[in-house]
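Chemist: Handing you this structure, nothing more for now.
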Amino acid sequence: MAQLKRIVSGAATVGVIAACELGTHYAASTPGAQGFGLAVVLAPLLLLTLAAAARSAQRAWMLPGWVCGCVALWFARAPLVRHFEWGAYFEHLAVTLIMAFAFGRTLAAGQRPLCSQFAALVHGKLTPAIAHYTRRITVAWTAFFLGIAALSTLLFVAAPVVVWSTFANYMTLPLVAAMFVAEHAWRRVALPDVQRPSMVATARAYRHTMHGRAGRAQ
C-alpha cells in the first residue's frame, strides 16, 4: 500500500508539473492568454506557500500573511498579467538555481557531496574511488543546473518569448533525464569494477536523501 501511494504521488506530481509547463507555453504562444498564464505561474507557488504556512509552528501569523499576499497580488494583477512571462522566467530560474545550490553547497569544506550521500545509501561505506567519483559528479550536476539557468536567461533576453518558453517548458526536464541517463552510463566507464545500482535504486536514494534533508530543514 505504501509503495502504491508513492507511485500515485509521484505520478500526480509529474502530471501537475507537465500541466503547468503546457499551460505556461500555451499562454506564451497565444495572444490574449496572459491572464491564464499568470494563473498557471502563480498557482503552484501559492499552493506550496499555503502548505508550508499551514505546517509551520508560526502558522498563526503566516496564514494571515499568505492571505494578505494573495490580496496584494489581486490588486496588482493588471501589470502582472501584461508581463506574466517575467514571472514564468523567474520561476524557472529560481528552480534551477535552487537545484544548483542544493548540489553546490555540499561541495564546501566539511560537507559531504550530495551524490556521495546518494551513493552511501546504495553502497554503504564508500571507497576512495567512489568518493572521488561522486564528488566530481556533484560538481557536474551543479554546473549542469547553472548552465540551464544561464541558457534560460540568454534565451529570455535575446530570443522571442516563445523560443524561451519552448526551452524552459519542453526541454528542461528531458535534459535532466538525459543527464541522469548519461551519468549512469558514464559510471560504467569511470568505475568498471564497482557494482552498479539500477537507475531505479539511484532514484530511490535521491528521493530518500532529499526527503531526509527536507525533514531536517523543518
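Each chain in the C-alpha cells gets a letter, A, B and so on, in the order shown; residues start at 1 in every chain, and ligands are counted from 1 in the order they appear.
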Near stretch 99-106 of chain A, counting only C-alpha atoms, which residues have an atom at most 7 Å away, once you skip same-chain residues fewer than 3 positions from it, shown as a CSV table (one decimal) with all heavy atoms, in the first residue's frame?
Modeler:
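Result written to part30.csv:
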```csv
chain,number,residue,atom,x,y,z
A,95,VAL,N,14.0,27.7,-9.7
A,95,VAL,CA,14.0,26.3,-9.6
A,95,VAL,C,15.4,25.7,-10.0
A,95,VAL,O,16.0,24.9,-9.2
A,95,VAL,CB,12.9,25.6,-10.4
A,95,VAL,CG1,13.2,24.1,-10.5
A,95,VAL,CG2,11.6,25.9,-9.9
A,96,THR,N,16.0,26.2,-11.1
A,96,THR,CA,17.3,25.7,-11.5
A,96,THR,C,18.4,26.2,-10.6
A,96,THR,O,19.3,25.4,-10.3
A,96,THR,CB,17.6,26.2,-12.9
A,96,THR,OG1,17.4,27.6,-13.0
A,96,THR,CG2,16.6,25.5,-13.9
A,111,GLN,N,31.6,19.5,4.3
A,111,GLN,CA,30.3,18.9,3.8
A,111,GLN,C,30.6,17.6,3.0
A,111,GLN,O,31.6,17.4,2.4
A,111,GLN,CB,29.6,19.9,2.9
A,111,GLN,CG,29.2,21.2,3.6
A,111,GLN,CD,28.1,21.0,4.6
A,111,GLN,OE1,27.2,20.2,4.4
A,111,GLN,NE2,28.1,21.8,5.7
A,112,ARG,N,29.6,16.8,3.0
A,112,ARG,CA,29.7,15.6,2.2
A,112,ARG,C,28.9,15.8,0.9
A,112,ARG,O,27.7,16.2,0.9
A,112,ARG,CB,29.0,14.4,2.9
A,112,ARG,CG,29.3,13.0,2.2
A,112,ARG,CD,28.7,11.9,3.0
A,112,ARG,NE,29.4,10.6,2.7
A,112,ARG,CZ,29.0,9.5,3.2
A,112,ARG,NH1,27.9,9.4,4.0
A,112,ARG,NH2,29.6,8.3,2.8
A,113,PRO,N,29.6,15.7,-0.3
A,113,PRO,CA,28.9,15.9,-1.6
A,113,PRO,C,27.6,15.2,-1.7
A,113,PRO,O,27.5,14.0,-1.2
A,113,PRO,CB,29.9,15.4,-2.6
A,113,PRO,CG,31.2,15.6,-1.9
A,113,PRO,CD,31.0,15.3,-0.5
A,114,LEU,N,26.6,15.8,-2.3
A,114,LEU,CA,25.3,15.2,-2.3
A,114,LEU,C,25.2,13.9,-3.0
A,114,LEU,O,24.5,13.0,-2.6
A,114,LEU,CB,24.3,16.2,-3.0
A,114,LEU,CG,22.8,15.9,-2.9
A,114,LEU,CD1,22.4,15.8,-1.5
A,114,LEU,CD2,22.0,17.0,-3.6
A,138,THR,N,28.9,15.4,-8.4
A,138,THR,CA,28.2,16.5,-7.7
A,138,THR,C,28.6,17.9,-8.4
A,138,THR,O,27.7,18.7,-8.6
A,138,THR,CB,28.5,16.6,-6.2
A,138,THR,OG1,28.2,15.3,-5.6
A,138,THR,CG2,27.7,17.7,-5.5
A,139,VAL,N,29.9,18.0,-8.7
A,139,VAL,CA,30.3,19.2,-9.4
A,139,VAL,C,29.6,19.3,-10.8
A,139,VAL,O,29.1,20.4,-11.2
A,139,VAL,CB,31.8,19.2,-9.6
A,139,VAL,CG1,32.3,20.4,-10.5
A,139,VAL,CG2,32.5,19.3,-8.3
A,141,TRP,N,26.7,18.1,-11.7
A,141,TRP,CA,25.3,18.4,-11.6
A,141,TRP,C,25.1,19.9,-11.2
A,141,TRP,O,24.2,20.6,-11.7
A,141,TRP,CB,24.6,17.6,-10.5
A,141,TRP,CG,24.1,16.3,-11.0
A,141,TRP,CD1,24.6,15.0,-10.8
A,141,TRP,CD2,22.9,16.1,-11.9
A,141,TRP,NE1,23.9,14.1,-11.5
A,141,TRP,CE2,22.8,14.7,-12.1
A,141,TRP,CE3,22.0,16.9,-12.4
A,141,TRP,CZ2,21.8,14.1,-12.9
A,141,TRP,CZ3,21.0,16.4,-13.2
A,141,TRP,CH2,20.9,15.0,-13.5
A,142,THR,N,26.0,20.4,-10.4
A,142,THR,CA,26.0,21.8,-10.1
A,142,THR,C,26.2,22.7,-11.3
A,142,THR,O,25.4,23.6,-11.6
A,142,THR,CB,27.1,22.2,-9.0
A,142,THR,OG1,26.9,21.4,-7.9
A,142,THR,CG2,27.0,23.7,-8.7
A,145,PHE,N,23.0,22.5,-13.7
A,145,PHE,CA,21.9,23.4,-13.4
A,145,PHE,C,22.2,24.9,-13.6
A,145,PHE,O,21.4,25.7,-14.0
A,145,PHE,CB,21.4,23.1,-12.0
A,145,PHE,CG,20.5,21.9,-11.9
A,145,PHE,CD1,21.0,20.8,-11.2
A,145,PHE,CD2,19.3,21.8,-12.5
A,145,PHE,CE1,20.2,19.6,-11.1
A,145,PHE,CE2,18.5,20.7,-12.4
A,145,PHE,CZ,19.0,19.6,-11.8
A,146,LEU,N,23.5,25.3,-13.3
A,146,LEU,CA,23.9,26.6,-13.6
A,146,LEU,C,23.9,26.9,-15.1
A,146,LEU,O,23.5,28.0,-15.5
A,146,LEU,CB,25.3,26.9,-13.0
A,146,LEU,CG,25.4,26.9,-11.5
A,146,LEU,CD1,26.9,27.1,-11.1
A,146,LEU,CD2,24.6,28.1,-10.9
```
Chemist: List the neighbours of A:Leu73 out to 12 Å using only C-alpha atoms; skip same-chain residues closer than 4 positions along the sequence, and give me the result as number ranges by chain.
Modeler: A: 38-39, 42-43, 46, 66-69, 77-81
Chemist: Just the number, please: distance in Å from atom CA of A:Ala18 to atom CA of A:Leu173, one decimal.
Modeler: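 It comes out at 9.6 Å.
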Chemist: How many Å separate atom CA of A:Ala57 from atom CA of A:Val41?
Modeler: 27.3 Å
Chemist: Excluding same-chain residues fewer than 4 positions from stretch 149-163 of chain A, what lies within 9 Å of it counting only C-alpha atoms, as a list of chain:residue names?
Modeler: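 What passes the distance filter is A:His25, A:Ala28, A:Ser29, A:Glu85, A:Trp86, A:Tyr89, A:His92, A:Leu93, A:Ala94, A:Val95, A:Thr96, A:Leu97, A:Phe144, A:Phe145, A:Phe167, A:Ala168.
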Chemist: Store the residues of this selection in a file with C-alpha atoms, as a JSON list (two decimals), in the first residue's frame.
Modeler:
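To be explicit, this is the file written out as part-v1.json:
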```json
[["chain", "number", "residue", "atom", "x", "y", "z"],
["A", 25, "HIS", "CA", 3.82, 27.55, -23.03],
["A", 28, "ALA", "CA", 3.40, 32.39, -24.02],
["A", 29, "SER", "CA", 2.49, 31.42, -27.57],
["A", 85, "GLU", "CA", 6.39, 35.98, -18.89],
["A", 86, "TRP", "CA", 8.70, 37.60, -16.32],
["A", 89, "TYR", "CA", 11.09, 33.21, -16.24],
["A", 92, "HIS", "CA", 12.14, 28.67, -13.93],
["A", 93, "LEU", "CA", 15.31, 30.49, -12.91],
["A", 94, "ALA", "CA", 14.58, 30.00, -9.20],
["A", 95, "VAL", "CA", 14.02, 26.26, -9.58],
["A", 96, "THR", "CA", 17.27, 25.71, -11.50],
["A", 97, "LEU", "CA", 19.30, 27.88, -9.12],
["A", 144, "PHE", "CA", 24.54, 21.46, -15.28],
["A", 145, "PHE", "CA", 21.86, 23.41, -13.40],
["A", 167, "PHE", "CA", 13.31, 25.58, -23.91],
["A", 168, "ALA", "CA", 12.08, 26.18, -20.36]]
```
Chemist: Using only C-alpha atoms for the distances, tell me which of A:Ala54, A:Ala76, A:Ala129, A:Ile148 is nearest to A:Leu191.
Modeler: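 Of all the options, A:Ala129 lies closest to A:Leu191.
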Chemist: Kindly indicate which residue among A:Ala178, A:Pro44, A:Ile98, A:Ala27 lies nearest to A:Thr13, using only C-alpha atoms for the distances.
Modeler: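 Smallest separation from A:Thr13 among the options: A:Pro44.
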Chemist: Excluding A:Ile137 and its own-chain neighbours fewer than 4 positions away, which residues fall within 12 Å of it when counting only C-alpha atoms? Please give them as JSON, numbers by chain.
Modeler: {"A": [103, 104, 106, 107, 113, 114, 115, 116, 117, 118, 119, 130, 131, 132, 133, 141, 142, 143, 144, 179, 180, 182, 183, 184, 186, 187, 190]}
Chemist: When you draw a straight line from atom CA of A:Glu21 to atom CA of A:Asn169, how long is it in Å?
Modeler: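 Result for atom CA of A:Glu21 versus atom CA of A:Asn169: 4.9 Å, one decimal.
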